[in-house]
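Printed here is work_15.cif (mmCIF, C-alpha atoms):
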data_protein
loop_
_atom_site.label_atom_id
_atom_site.label_comp_id
_atom_site.auth_asym_id
_atom_site.auth_seq_id
_atom_site.Cartn_x
_atom_site.Cartn_y
_atom_site.Cartn_z
CA MET G 4 101.65 13.32 243.36
CA ARG G 5 99.66 14.85 240.48
CA THR G 6 96.75 15.68 242.80
CA LEU G 7 99.15 17.24 245.30
CA LEU G 8 100.75 19.40 242.60
CA ILE G 9 97.36 20.56 241.31
CA LEU G 10 96.19 21.41 244.82
CA LEU G 11 99.39 23.24 245.68
CA MET G 12 99.39 25.16 242.41
CA ALA G 13 95.84 26.28 243.09
CA LEU G 14 96.67 27.43 246.61
CA VAL G 15 100.00 29.15 246.08
CA PRO G 16 98.77 32.28 244.29
CA THR G 17 96.68 33.32 247.28
CA ALA G 18 99.70 32.94 249.54
CA LEU G 19 101.94 35.13 247.36
CA TRP G 20 99.64 37.72 245.86
CA ALA G 21 96.44 37.81 247.86
CA GLU G 22 95.06 40.52 245.58
CA GLU G 23 95.52 38.39 242.45
CA LYS G 24 92.71 36.06 241.44
CA PRO G 25 93.17 33.08 239.12
CA LEU G 26 92.63 34.10 235.52
CA GLU G 27 90.16 32.46 233.17
CA THR G 28 92.00 30.22 230.69
CA LYS G 29 91.53 32.67 227.80
CA ALA G 30 92.90 35.53 229.93
CA CYS G 31 95.85 33.35 230.92
CA TYR G 32 96.81 32.83 227.31
CA GLN G 33 96.43 36.57 226.71
CA ALA G 34 98.73 37.32 229.65
CA PHE G 35 101.47 35.23 228.03
CA GLU G 36 101.07 36.66 224.51
CA LYS G 37 103.85 39.18 225.13
CA TYR G 38 106.34 36.29 225.28
CA ASN G 39 107.65 34.07 222.52
CA PRO G 40 109.85 30.96 222.41
CA LYS G 41 113.01 33.02 221.77
CA PHE G 42 112.33 35.08 224.91
CA VAL G 43 112.08 31.87 226.95
CA VAL G 44 115.36 30.55 225.49
CA ASP G 45 117.09 33.87 226.26
CA PHE G 46 115.64 33.88 229.80
CA ALA G 47 116.89 30.31 230.34
CA ASN G 48 120.34 31.28 229.03
CA LYS G 49 120.40 34.11 231.57
CA ALA G 50 119.65 31.59 234.33
CA LYS G 51 122.29 29.20 233.00
CA LYS G 52 124.88 32.00 233.01
CA HIS G 53 123.92 32.89 236.59
CA ILE G 54 124.52 29.31 237.79
CA LEU G 55 127.77 29.04 235.83
CA GLU G 56 129.01 32.25 237.51
CA LYS G 57 127.65 31.68 241.03
CA GLY G 58 127.62 27.88 241.23
CA GLU G 59 125.31 26.26 243.75
CA ALA G 60 125.36 29.47 245.82
CA GLY G 61 123.20 30.95 243.04
CA PHE G 62 120.41 28.43 243.69
CA LYS G 63 118.96 30.68 246.39
CA ASP G 64 118.07 33.22 243.71
CA PHE G 65 115.74 30.69 242.08
CA ASN G 66 114.05 29.68 245.35
CA GLN G 67 112.21 32.98 245.59
CA VAL G 68 110.02 35.14 243.45
CA GLY G 69 112.23 37.63 241.65
CA PRO G 70 113.79 38.74 238.40
CA LEU G 71 115.48 35.37 237.85
CA THR G 72 112.33 33.27 238.32
CA PHE G 73 109.68 35.04 236.19
CA GLU G 74 108.63 38.50 235.18
CA SER G 75 105.19 38.83 236.78
CA TYR G 76 101.86 37.25 237.69
CA PRO G 77 100.63 34.78 236.41
CA TYR G 78 104.04 33.26 237.01
CA SER G 79 105.46 32.68 233.56
CA PRO G 80 107.87 32.10 232.05
CA PRO G 81 109.31 30.54 235.22
CA ILE G 82 112.85 29.33 235.80
CA VAL G 83 113.46 26.14 237.77
CA ILE G 84 116.74 24.26 238.13
CA ILE G 85 116.31 20.49 237.95
CA ARG G 86 118.41 17.33 238.07
CA CYS G 87 117.51 14.77 235.43
CA ASP G 88 119.84 12.19 236.99
CA GLN G 89 117.73 12.25 240.16
CA MET G 90 114.42 13.32 238.53
CA ARG G 91 113.86 16.11 241.03
CA VAL G 92 114.00 19.90 241.25
CA GLU G 93 116.99 21.61 242.76
CA THR G 94 115.18 24.95 243.03
CA PHE G 95 111.56 26.04 243.03
CA PHE G 96 110.19 29.52 243.71
CA PHE G 97 107.17 28.40 245.77
CA GLU G 98 108.31 27.32 249.21
CA LYS G 99 105.19 25.23 249.91
CA MET G 100 105.77 23.06 246.84
CA ARG G 101 109.57 22.80 246.95
CA PRO G 102 109.95 19.94 249.49
CA GLN G 103 107.75 17.52 247.52
CA LEU G 104 109.47 18.37 244.23
CA GLN G 105 112.95 17.91 245.70
CA GLU G 106 112.33 14.28 246.58
CA PRO G 107 114.34 12.00 244.26
CA GLY G 108 112.04 10.60 241.58
CA SER G 109 109.33 13.25 242.09
CA LEU G 110 109.51 14.44 238.47
CA LYS G 111 109.15 10.86 237.23
CA LYS G 112 105.73 10.79 238.92
CA PHE G 113 104.60 14.02 237.28
CA VAL G 114 102.08 13.61 234.46
CA ASP G 115 100.18 16.26 232.55
CA VAL G 116 96.39 16.17 232.07
CA ASN G 117 96.87 13.87 229.07
CA GLY G 118 98.86 11.38 231.15
CA GLN G 119 102.19 12.30 229.53
CA HIS G 120 105.44 12.13 231.52
CA THR G 121 106.81 15.41 230.24
CA PHE G 122 109.90 15.62 232.45
CA VAL G 123 110.90 12.05 231.62
CA LYS G 124 110.59 12.87 227.90
CA LEU G 125 112.58 16.09 228.23
CA CYS G 126 115.36 14.50 230.25
CA SER G 127 115.57 11.69 227.69
CA LYS G 128 115.97 14.26 224.93
CA LEU G 129 118.99 15.80 226.71
CA ARG G 130 121.08 12.65 226.62
CA GLY G 131 124.30 12.86 224.65
CA SER G 132 125.30 16.05 222.90
CA VAL G 133 121.84 17.67 222.85
CA GLN G 134 122.06 20.87 224.90
CA ALA G 135 118.41 21.96 224.96
CA ALA G 136 115.01 20.54 224.02
CA TRP G 137 111.33 21.42 224.00
CA GLU G 138 108.26 19.30 224.71
CA MET G 139 104.57 20.23 224.62
CA GLN G 140 102.24 19.54 227.52
CA LYS G 141 98.79 20.46 228.79
CA HIS G 142 98.63 21.07 232.50
CA TYR G 143 97.19 23.23 235.25
CA TRP G 144 99.14 26.41 235.68
CA VAL G 145 99.57 28.63 238.74
CA GLY G 146 97.37 31.68 238.33
CA CYS G 147 95.08 30.08 235.74
CA ASN G 148 91.76 28.45 236.55
CA GLY G 149 92.14 25.56 234.11
CA PRO G 150 94.73 23.52 232.25
CA VAL G 151 96.68 25.26 229.47
CA GLU G 152 98.76 24.10 226.52
CA MET G 153 102.41 25.01 226.92
CA GLY G 154 105.87 24.50 225.58
CA MET G 155 108.42 23.26 228.13
CA LEU G 156 112.11 23.98 227.67
CA LEU G 157 114.96 22.05 229.29
CA MET G 158 118.52 23.35 228.84
CA LYS G 159 121.71 21.72 230.16
CA ILE G 160 124.05 23.70 232.39
CA PRO G 161 127.45 22.55 231.09
CA GLY G 162 129.82 20.88 233.55
CA THR G 163 127.04 20.32 236.10
CA PRO G 164 124.30 17.74 236.69
CA TYR G 165 121.75 20.56 236.40
CA ALA G 166 119.39 21.84 233.73
CA VAL G 167 117.27 24.97 233.46
CA GLU G 168 113.55 24.37 232.95
CA SER G 169 111.03 26.94 231.77
CA THR G 170 107.60 26.99 230.16
CA LEU G 171 105.42 29.19 228.00
CA PRO G 172 101.65 28.68 228.01
CA THR G 173 100.36 29.34 224.50
CA LEU G 174 97.98 28.34 221.77
CA LYS G 175 99.93 30.42 219.27
CA TYR G 176 103.14 28.38 218.95
CA THR G 177 103.72 24.78 217.89
CA ILE G 178 106.58 22.47 218.82
CA LYS G 179 108.27 23.47 215.54
CA ASP G 180 108.15 27.13 216.60
CA PHE G 181 109.66 26.28 219.97
CA GLU G 182 112.40 24.14 218.44
CA ALA G 183 113.25 26.90 215.92
CA ALA G 184 114.02 29.22 218.85
CA LEU G 185 116.98 26.99 219.73
CA ARG G 186 118.75 27.68 216.42
#
This entry written out as structure tokens:
Amino acid sequence: MRTLLILLMALVPTALWAEEKPLETKACYQAFEKYNPKFVVDFANKAKKHILEKGEAGFKDFNQVGPLTFESYPYSPPIVIIRCDQMRVETFFFEKMRPQLQEPGSLKKFVDVNGQHTFVKLCSKLRGSVQAAWEMQKHYWVGCNGPVEMGMLLMKIPGTPYAVESTLPTLKYTIKDFEAALR
């Protein structure tokens, strides 16, 4: 599964933006410097509001590249709707990757380059009254030519089995900075 995700993430940029070439890792981090953890939280809240207003009919808006998925190349911060109870994605903006990620249990198989099960950790953090949580991971990122450090956000969508997931590749922020953005 990990190999498949890495391969697909490497191939997808050429399918969407043929003129865009993968960025060197340093340039990737620079591309994301305009964002901060608070921006990602606000972006996720916008997605949560969209689903609360539109219901499952709003999922289609997250299955395509657009203003609700991410701002621009290199594809961050993205918005993905997931189901922790089934450990799978409900939406994903890259059509070629979506079928594999929608299989029940697919997120349980996902590990970052350090062998960490980031989605399992995040979903565990959302049990009970916790509404949103961050986790750090290092992984290959679409549009970047190597693995990058990133904060991953998971935010419950109240009254549904869904959660909004987003990430921010960065060397600038720590887990404490990400968690502070939730207050």
Review point. Can you list what the PyMOL selection byres ((chain G and resi 148-165) around 6) grabs from this structure, as a list in words?
Key: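 Taken on the displayed file, the PyMOL selection byres ((chain G and resi 148-165) around 6) yields the residues Pro25, Leu26, Glu27, Thr28, Lys51, Ile85, Arg86, Gln134, Ala135, Ala136, Trp137, Glu138, Met139, Gln140, Lys141, His142, Tyr143, Cys147, Ala166, Val167, Glu168, Ser169, Thr170, Leu171, Pro172 and Thr173 of chain G.
One finds atom CA of Pro80 of chain G at 21.4 Å from atom CA of Pro102 of chain G.
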**Study point:** Atom-to-atom span, atom CA of Gly131 of chain G and atom CA of Tyr176 of chain G, Å
**Key:**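 Straight-line distance from atom CA of Gly131 of chain G to atom CA of Tyr176 of chain G works out to 26.9 Å.
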**Study point:** Atom pair atom CA of Gly146 of chain G / atom CA of Glu23 of chain G: separation (Å)
**Key:**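 Result for atom CA of Gly146 of chain G versus atom CA of Glu23 of chain G: 8.1 Å, one decimal.
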Review point. Out of G:Leu71, G:Lys175, G:Ser109, G:Ala183, which residue has the shortest atom-to-atom distance to Lys37 of chain G when counting only C-alpha atoms?
Key: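 Using only C-alpha atoms, the shortest distance to Lys37 of chain G belongs to G:Lys175.
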Practice item. Find, counting only C-alpha atoms, the residue in G:Leu125, G:Ala30, G:Leu55, G:Ala47 that gets nearest to Tyr76 of chain G. Key: G:Ala30
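Here the PyMOL selection byres ((chain G and resi 50) around 9) catches exactly these residues: G:Asp45, G:Phe46, G:Ala47, G:Asn48, G:Lys49, G:Lys51, G:Lys52, G:His53, G:Ile54, G:Leu55, G:Phe65, G:Leu71, G:Thr72, G:Ile82, G:Val83, G:Ile84, G:Val167.
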Can I get the selection written as a JSON list (two decimals), keeping the file's coordinate frame, with C-alpha atoms?
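Once written, selection32.json looks like this:
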[["chain", "number", "residue", "atom", "x", "y", "z"],
["G", 45, "ASP", "CA", 117.09, 33.87, 226.26],
["G", 46, "PHE", "CA", 115.64, 33.88, 229.80],
["G", 47, "ALA", "CA", 116.89, 30.31, 230.34],
["G", 48, "ASN", "CA", 120.34, 31.28, 229.03],
["G", 49, "LYS", "CA", 120.40, 34.11, 231.57],
["G", 51, "LYS", "CA", 122.29, 29.20, 233.00],
["G", 52, "LYS", "CA", 124.88, 32.00, 233.01],
["G", 53, "HIS", "CA", 123.92, 32.89, 236.59],
["G", 54, "ILE", "CA", 124.52, 29.31, 237.79],
["G", 55, "LEU", "CA", 127.77, 29.04, 235.83],
["G", 65, "PHE", "CA", 115.74, 30.69, 242.08],
["G", 71, "LEU", "CA", 115.48, 35.37, 237.85],
["G", 72, "THR", "CA", 112.33, 33.27, 238.32],
["G", 82, "ILE", "CA", 112.85, 29.33, 235.80],
["G", 83, "VAL", "CA", 113.46, 26.14, 237.77],
["G", 84, "ILE", "CA", 116.74, 24.26, 238.13],
["G", 167, "VAL", "CA", 117.27, 24.97, 233.46]]
Point to revise | Nearest to Lys112 of chain G, chosen from G:Leu174, G:Lys41, G:Met90, G:Lys124, with all atoms listed in the file counted in the distances | key: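 Looking at the shortest contact to Lys112 of chain G, the residue is G:Met90.
Distances from G:Asn66, G:Ser132, G:Ala34, G:Ser127 to Gln105 of chain G were compared using all atoms listed in the file, and the smallest one belongs to G:Asn66.
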Practice item. Check which residues satisfy the PyMOL selection byres ((chain G and resi 111) around 9) in the file shown, then give them as a list in words. Key: Met90, Arg91, Pro107, Gly108, Ser109, Leu110, Lys112, Phe113, Val114, His120, Thr121, Phe122 and Val123 of chain G
Go ahead and save the picked residues with C-alpha atoms, as a PDB file, in the frame of the given file.
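File produced: selection.pdb:
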ATOM      1  CA  MET G  90     114.420  13.320 238.530  1.00  0.00           C
ATOM      2  CA  ARG G  91     113.860  16.110 241.030  1.00  0.00           C
ATOM      3  CA  PRO G 107     114.340  12.000 244.260  1.00  0.00           C
ATOM      4  CA  GLY G 108     112.040  10.600 241.580  1.00  0.00           C
ATOM      5  CA  SER G 109     109.330  13.250 242.090  1.00  0.00           C
ATOM      6  CA  LEU G 110     109.510  14.440 238.470  1.00  0.00           C
ATOM      7  CA  LYS G 112     105.730  10.790 238.920  1.00  0.00           C
ATOM      8  CA  PHE G 113     104.600  14.020 237.280  1.00  0.00           C
ATOM      9  CA  VAL G 114     102.080  13.610 234.460  1.00  0.00           C
ATOM     10  CA  HIS G 120     105.440  12.130 231.520  1.00  0.00           C
ATOM     11  CA  THR G 121     106.810  15.410 230.240  1.00  0.00           C
ATOM     12  CA  PHE G 122     109.900  15.620 232.450  1.00  0.00           C
ATOM     13  CA  VAL G 123     110.900  12.050 231.620  1.00  0.00           C
TER      14      VAL G 123
END
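For the residues G:Gln103, G:Ala184, G:Lys128, G:Asp115, ranking by smallest atom-to-atom distance to Phe42 of chain G using only C-alpha atoms places G:Ala184 first.
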Practice item. Select, from G:Asn39, G:Ser79, G:Gln67, G:Gln119, the residue with the minimum atom-to-atom distance to Thr94 of chain G, counting all atoms listed in the file. Key: G:Gln67
